[in-house]
Amino acid sequence: MTIIEVDDLRVEIERKWIRNIYLRVSPTDARIRISAPMLMSERAIRQFVLAKEAWIRQRVRRAGKRGCPAPREYVSGELHYYKGRGYRLQVVYRDGPAKVELVGDELILLYVREGATKVQREAAMREWYRAEMKALIPMLVARWEAVIGVKARRISIKQMRTRWGSCNHGTHDINFNLELMKKPLRCIEYVVVHELIHIIVRLHNEEFKALLTRYLPDWRETKRELNQPFG
């Protein structure tokens, strides 16, 4: 069995003496598996995956929903993540605008008005994460731009369903997933480097991987950590 990467999709390939190519996405762990004819080229397999990309991503999202934790209620006692560390949430009711602050290494205080709805509490947390991302990401991007020798044209922070980041190879515009703020700093940095390298190399080919290895020798381990579900 061999493994290829098509964009951010990791595909397991098993070659068999068969006539046609077969594609499966596991409903439990979202593993993408292909059975391909022995003489079929890797290029042809990649083209097949790209043609089926929308279908694959739909199945991956479904598998992810089956394995994801229960939806957050944004009430005291819940576990929320920030830079890879789990914090217990404590909701504090008071007059004034919503506010979030860290207390030590164990507690997140969420200040909201009495009677604030779940939607309002969630929005306050989301905007706090966004503000933290807006403070962190430009610093990391600037640091690695100088190292790699590239320049991003525009940086955006968005809610993204299936990717941690994306880079438009033509415009040099880069997007980062807001959920990254919950991951360890080394994982956030990996995504920054990953997307900046896409300014140079569009595909996840051997040149791309060689550059990743040059700048982040342990990137494969970090990538595995990044894709681990939250506890």
# chains A, B, ... in the order shown; residues from 1 in each chain; ligands from 1
call {"tool": "residues_around", "arguments": {"residues": "Gln159 of chain A", "least_positions_apart": "2", "cutoff": "9 Å", "atoms": "only C-alpha atoms", "output": "PyMOL selection string"}}
result
chain A and resi 157+161+176-179
call {"tool": "residues_around", "arguments": {"residues": "Ile188 of chain A", "least_positions_apart": "3", "cutoff": "10 Å", "atoms": "only C-alpha atoms", "output": "mmCIF file with N, CA and C atoms, in the first residue's frame"}}
result
data_model
loop_
_atom_site.group_PDB
_atom_site.id
_atom_site.type_symbol
_atom_site.label_atom_id
_atom_site.label_comp_id
_atom_site.auth_asym_id
_atom_site.auth_seq_id
_atom_site.Cartn_x
_atom_site.Cartn_y
_atom_site.Cartn_z
ATOM 1 N N LYS A 83 -4.802 27.174 22.639
ATOM 2 C CA LYS A 83 -3.392 26.842 22.399
ATOM 3 C C LYS A 83 -3.032 25.450 22.916
ATOM 4 N N GLY A 84 -3.962 24.513 22.717
ATOM 5 C CA GLY A 84 -3.683 23.119 23.052
ATOM 6 C C GLY A 84 -3.964 22.720 24.482
ATOM 7 N N MET A 133 -6.485 35.180 17.561
ATOM 8 C CA MET A 133 -5.898 34.782 16.285
ATOM 9 C C MET A 133 -5.328 35.990 15.539
ATOM 10 N N LEU A 136 -2.026 36.835 17.000
ATOM 11 C CA LEU A 136 -0.959 35.840 16.870
ATOM 12 C C LEU A 136 -0.515 35.596 15.433
ATOM 13 N N ILE A 137 -1.479 35.383 14.528
ATOM 14 C CA ILE A 137 -1.150 34.926 13.177
ATOM 15 C C ILE A 137 -0.233 35.898 12.419
ATOM 16 N N LEU A 140 3.382 35.325 13.446
ATOM 17 C CA LEU A 140 3.946 34.079 12.935
ATOM 18 C C LEU A 140 4.191 34.160 11.440
ATOM 19 N N TRP A 164 -7.484 23.372 7.676
ATOM 20 C CA TRP A 164 -6.893 24.240 8.689
ATOM 21 C C TRP A 164 -6.435 25.558 8.075
ATOM 22 N N GLY A 165 -6.188 25.546 6.791
ATOM 23 C CA GLY A 165 -5.775 26.764 6.108
ATOM 24 C C GLY A 165 -5.848 26.547 4.613
ATOM 25 N N PHE A 176 -6.852 31.232 7.296
ATOM 26 C CA PHE A 176 -6.596 30.348 8.425
ATOM 27 C C PHE A 176 -7.911 30.055 9.138
ATOM 28 N N ASN A 177 -8.049 28.803 9.562
ATOM 29 C CA ASN A 177 -9.245 28.357 10.259
ATOM 30 C C ASN A 177 -9.242 28.891 11.683
ATOM 31 N N GLU A 179 -10.579 27.732 14.214
ATOM 32 C CA GLU A 179 -10.420 26.647 15.187
ATOM 33 C C GLU A 179 -8.956 26.388 15.536
ATOM 34 N N LEU A 180 -8.038 26.896 14.726
ATOM 35 C CA LEU A 180 -6.615 26.702 15.009
ATOM 36 C C LEU A 180 -6.220 27.247 16.370
ATOM 37 N N MET A 181 -6.922 28.281 16.845
ATOM 38 C CA MET A 181 -6.543 28.904 18.112
ATOM 39 C C MET A 181 -6.685 27.930 19.274
ATOM 40 N N LYS A 182 -7.380 26.828 19.056
ATOM 41 C CA LYS A 182 -7.548 25.828 20.108
ATOM 42 C C LYS A 182 -6.412 24.800 20.110
ATOM 43 N N LYS A 183 -5.584 24.825 19.081
ATOM 44 C CA LYS A 183 -4.518 23.844 18.921
ATOM 45 C C LYS A 183 -3.199 24.345 19.513
ATOM 46 N N PRO A 184 -2.262 23.428 19.801
ATOM 47 C CA PRO A 184 -0.965 23.849 20.324
ATOM 48 C C PRO A 184 -0.255 24.802 19.360
ATOM 49 N N LEU A 185 0.587 25.654 19.925
ATOM 50 C CA LEU A 185 1.268 26.664 19.121
ATOM 51 C C LEU A 185 2.087 26.039 18.004
ATOM 52 N N VAL A 191 0.831 25.075 10.302
ATOM 53 C CA VAL A 191 -0.111 25.503 9.270
ATOM 54 C C VAL A 191 0.369 26.776 8.594
ATOM 55 N N VAL A 192 0.951 27.698 9.357
ATOM 56 C CA VAL A 192 1.499 28.930 8.781
ATOM 57 C C VAL A 192 2.587 28.596 7.753
ATOM 58 N N VAL A 193 3.519 27.749 8.141
ATOM 59 C CA VAL A 193 4.606 27.378 7.230
ATOM 60 C C VAL A 193 4.051 26.645 6.013
ATOM 61 N N HIS A 194 3.133 25.712 6.249
ATOM 62 C CA HIS A 194 2.499 24.946 5.170
ATOM 63 C C HIS A 194 1.897 25.876 4.116
ATOM 64 N N THR A 222 3.925 16.652 13.814
ATOM 65 C CA THR A 222 3.080 17.797 14.168
ATOM 66 C C THR A 222 1.745 17.733 13.436
ATOM 67 N N LYS A 223 1.757 17.317 12.183
ATOM 68 C CA LYS A 223 0.522 17.201 11.417
ATOM 69 C C LYS A 223 -0.408 16.172 12.040
ATOM 70 N N LEU A 226 -1.943 17.759 15.036
ATOM 71 C CA LEU A 226 -2.934 18.750 14.625
ATOM 72 C C LEU A 226 -4.276 18.111 14.322
#
call {"tool": "select_by_dssp", "arguments": {"residues": "segment 78-225 of chain A", "states": "helix (DSSP H, G or I)", "output": "NGL selection string"}}
result
:A and (118-148 or 178-182 or 185-197 or 206-215 or 219-225)
call {"tool": "closest_residue", "arguments": {"among": "A:Arg46, A:Lys134, A:Arg72, A:Arg94", "to": "Lys118 of chain A", "atoms": "only C-alpha atoms"}}
result
A:Arg72
call {"tool": "residues_around", "arguments": {"residues": "Ile56 of chain A", "least_positions_apart": "4", "cutoff": "10 Å", "atoms": "only C-alpha atoms", "output": "list of chain:residue names"}}
result
A:Leu9, A:Leu23, A:Arg24, A:Val25, A:Ala30, A:Ile32, A:Val49, A:Leu50, A:Ala51, A:Lys52, A:Val60, A:Arg61, A:Arg62
call {"tool": "write_last_selection", "arguments": {"atoms": "all heavy atoms", "output": "short mmCIF file (atom, residue, chain, number, x, y, z; two decimals), in the first residue's frame"}}
result
data_model
loop_
_atom_site.label_atom_id
_atom_site.label_comp_id
_atom_site.auth_asym_id
_atom_site.auth_seq_id
_atom_site.Cartn_x
_atom_site.Cartn_y
_atom_site.Cartn_z
N LEU A 9 -5.99 16.08 1.22
CA LEU A 9 -6.58 14.75 1.36
C LEU A 9 -5.48 13.69 1.35
O LEU A 9 -4.65 13.65 0.44
CB LEU A 9 -7.57 14.49 0.22
CG LEU A 9 -8.78 15.43 0.12
CD1 LEU A 9 -9.58 15.12 -1.12
CD2 LEU A 9 -9.65 15.33 1.37
N LEU A 23 -13.13 3.48 -5.12
CA LEU A 23 -12.90 4.48 -4.07
C LEU A 23 -13.82 4.21 -2.88
O LEU A 23 -15.02 3.97 -3.07
CB LEU A 23 -13.17 5.89 -4.63
CG LEU A 23 -13.29 7.04 -3.63
CD1 LEU A 23 -11.97 7.31 -2.94
CD2 LEU A 23 -13.78 8.29 -4.37
N ARG A 24 -13.26 4.30 -1.65
CA ARG A 24 -14.05 4.14 -0.44
C ARG A 24 -13.61 5.19 0.58
O ARG A 24 -12.41 5.48 0.70
CB ARG A 24 -13.87 2.75 0.17
CG ARG A 24 -14.32 1.60 -0.72
CD ARG A 24 -14.10 0.26 -0.05
NE ARG A 24 -12.70 0.03 0.28
CZ ARG A 24 -11.77 -0.36 -0.59
NH1 ARG A 24 -12.10 -0.55 -1.86
NH2 ARG A 24 -10.53 -0.56 -0.21
N VAL A 25 -14.58 5.74 1.31
CA VAL A 25 -14.29 6.62 2.45
C VAL A 25 -14.93 5.98 3.67
O VAL A 25 -16.15 5.80 3.71
CB VAL A 25 -14.83 8.04 2.23
CG1 VAL A 25 -14.55 8.91 3.47
CG2 VAL A 25 -14.21 8.68 0.99
N ALA A 30 -13.01 8.16 8.48
CA ALA A 30 -12.81 9.05 7.32
C ALA A 30 -11.57 8.70 6.49
O ALA A 30 -11.11 9.52 5.71
CB ALA A 30 -12.75 10.51 7.77
N ILE A 32 -9.51 7.50 3.47
CA ILE A 32 -9.80 7.47 2.04
C ILE A 32 -8.95 6.37 1.42
O ILE A 32 -7.71 6.42 1.49
CB ILE A 32 -9.48 8.83 1.39
CG1 ILE A 32 -10.21 9.95 2.12
CG2 ILE A 32 -9.85 8.80 -0.10
CD1 ILE A 32 -9.70 11.34 1.76
N VAL A 49 -8.96 11.34 -8.12
CA VAL A 49 -9.30 11.90 -6.80
C VAL A 49 -9.82 13.33 -6.96
O VAL A 49 -10.80 13.71 -6.33
CB VAL A 49 -8.08 11.86 -5.87
CG1 VAL A 49 -8.37 12.61 -4.57
CG2 VAL A 49 -7.68 10.42 -5.56
N LEU A 50 -9.16 14.11 -7.78
CA LEU A 50 -9.61 15.50 -7.99
C LEU A 50 -11.02 15.54 -8.58
O LEU A 50 -11.82 16.40 -8.23
CB LEU A 50 -8.62 16.24 -8.90
CG LEU A 50 -7.27 16.60 -8.26
CD1 LEU A 50 -6.31 17.13 -9.32
CD2 LEU A 50 -7.45 17.62 -7.15
N ALA A 51 -11.31 14.61 -9.48
CA ALA A 51 -12.65 14.57 -10.08
C ALA A 51 -13.71 14.20 -9.05
O ALA A 51 -14.87 14.61 -9.16
CB ALA A 51 -12.66 13.57 -11.24
N LYS A 52 -13.31 13.43 -8.04
CA LYS A 52 -14.25 12.99 -7.01
C LYS A 52 -14.13 13.81 -5.73
O LYS A 52 -14.74 13.46 -4.70
CB LYS A 52 -13.97 11.51 -6.66
CG LYS A 52 -14.17 10.54 -7.81
CD LYS A 52 -15.64 10.39 -8.15
CE LYS A 52 -15.87 9.31 -9.19
NZ LYS A 52 -17.30 9.14 -9.51
N VAL A 60 -16.14 12.73 4.11
CA VAL A 60 -15.22 13.00 5.22
C VAL A 60 -15.92 13.84 6.28
O VAL A 60 -15.78 13.59 7.49
CB VAL A 60 -13.95 13.72 4.70
CG1 VAL A 60 -13.13 14.27 5.86
CG2 VAL A 60 -13.10 12.76 3.87
N ARG A 61 -16.70 14.84 5.85
CA ARG A 61 -17.43 15.66 6.81
C ARG A 61 -18.44 14.82 7.59
O ARG A 61 -18.60 14.99 8.81
CB ARG A 61 -18.15 16.81 6.09
CG ARG A 61 -17.22 17.94 5.66
CD ARG A 61 -18.01 19.18 5.30
NE ARG A 61 -18.87 18.98 4.14
CZ ARG A 61 -18.50 19.19 2.88
NH1 ARG A 61 -17.27 19.60 2.61
NH2 ARG A 61 -19.34 19.00 1.89
N ARG A 62 -19.12 13.93 6.91
CA ARG A 62 -20.09 13.08 7.60
C ARG A 62 -19.42 12.21 8.65
O ARG A 62 -19.92 12.04 9.75
CB ARG A 62 -20.83 12.20 6.58
CG ARG A 62 -21.82 12.94 5.71
CD ARG A 62 -22.50 11.98 4.75
NE ARG A 62 -23.41 12.68 3.86
CZ ARG A 62 -24.10 12.07 2.89
NH1 ARG A 62 -23.96 10.76 2.70
NH2 ARG A 62 -24.90 12.77 2.12
#
call {"tool": "select_by_dssp", "arguments": {"residues": "segment 154-217 of chain A", "states": "strand (DSSP E or B)", "output": "PyMOL selection string"}}
result
chain A and resi 154-158+165-167+173-177
call {"tool": "residues_around", "arguments": {"residues": "His172 of chain A", "least_positions_apart": "4", "cutoff": "7 Å", "atoms": "only C-alpha atoms", "output": "VMD selection string"}}
result
chain A and resid 152 to 153 167 to 168 199
call {"tool": "residues_around", "arguments": {"residues": "Arg121 of chain A", "least_positions_apart": "4", "cutoff": "9 Å", "atoms": "only C-alpha atoms", "output": "list in words"}}
result
Glu73, Tyr74, Val75, Val91, Ala98, Leu110, Tyr111, Val112, Ala116, Thr117, Met125 and Arg126 of chain A
call {"tool": "closest_residue", "arguments": {"among": "A:Cys187, A:Leu211, A:Ala54, A:Leu196", "to": "Asn227 of chain A", "atoms": "only C-alpha atoms"}}
result
A:Cys187
call {"tool": "atom_distance", "arguments": {"atom1": "atom CA of Asp218 of chain A", "atom2": "atom CA of Arg130 of chain A"}}
result
27.7 Å
call {"tool": "residues_around", "arguments": {"residues": "segment 34-44 of chain A", "least_positions_apart": "5", "cutoff": "12 Å", "atoms": "only C-alpha atoms", "output": "PyMOL selection string"}}
result
chain A and resi 1-6+10-26+49-52+56+205
call {"tool": "atom_distance", "arguments": {"atom1": "atom CA of Glu221 of chain A", "atom2": "atom CA of Asp8 of chain A"}}
result
15.6 Å
call {"tool": "atom_distance", "arguments": {"atom1": "atom CA of Pro217 of chain A", "atom2": "atom CA of Arg33 of chain A"}}
result
27.1 Å
call {"tool": "closest_residue", "arguments": {"among": "A:Pro138, A:Pro229, A:Gly170, A:Gly77", "to": "Ile155 of chain A", "atoms": "only C-alpha atoms"}}
result
A:Pro138
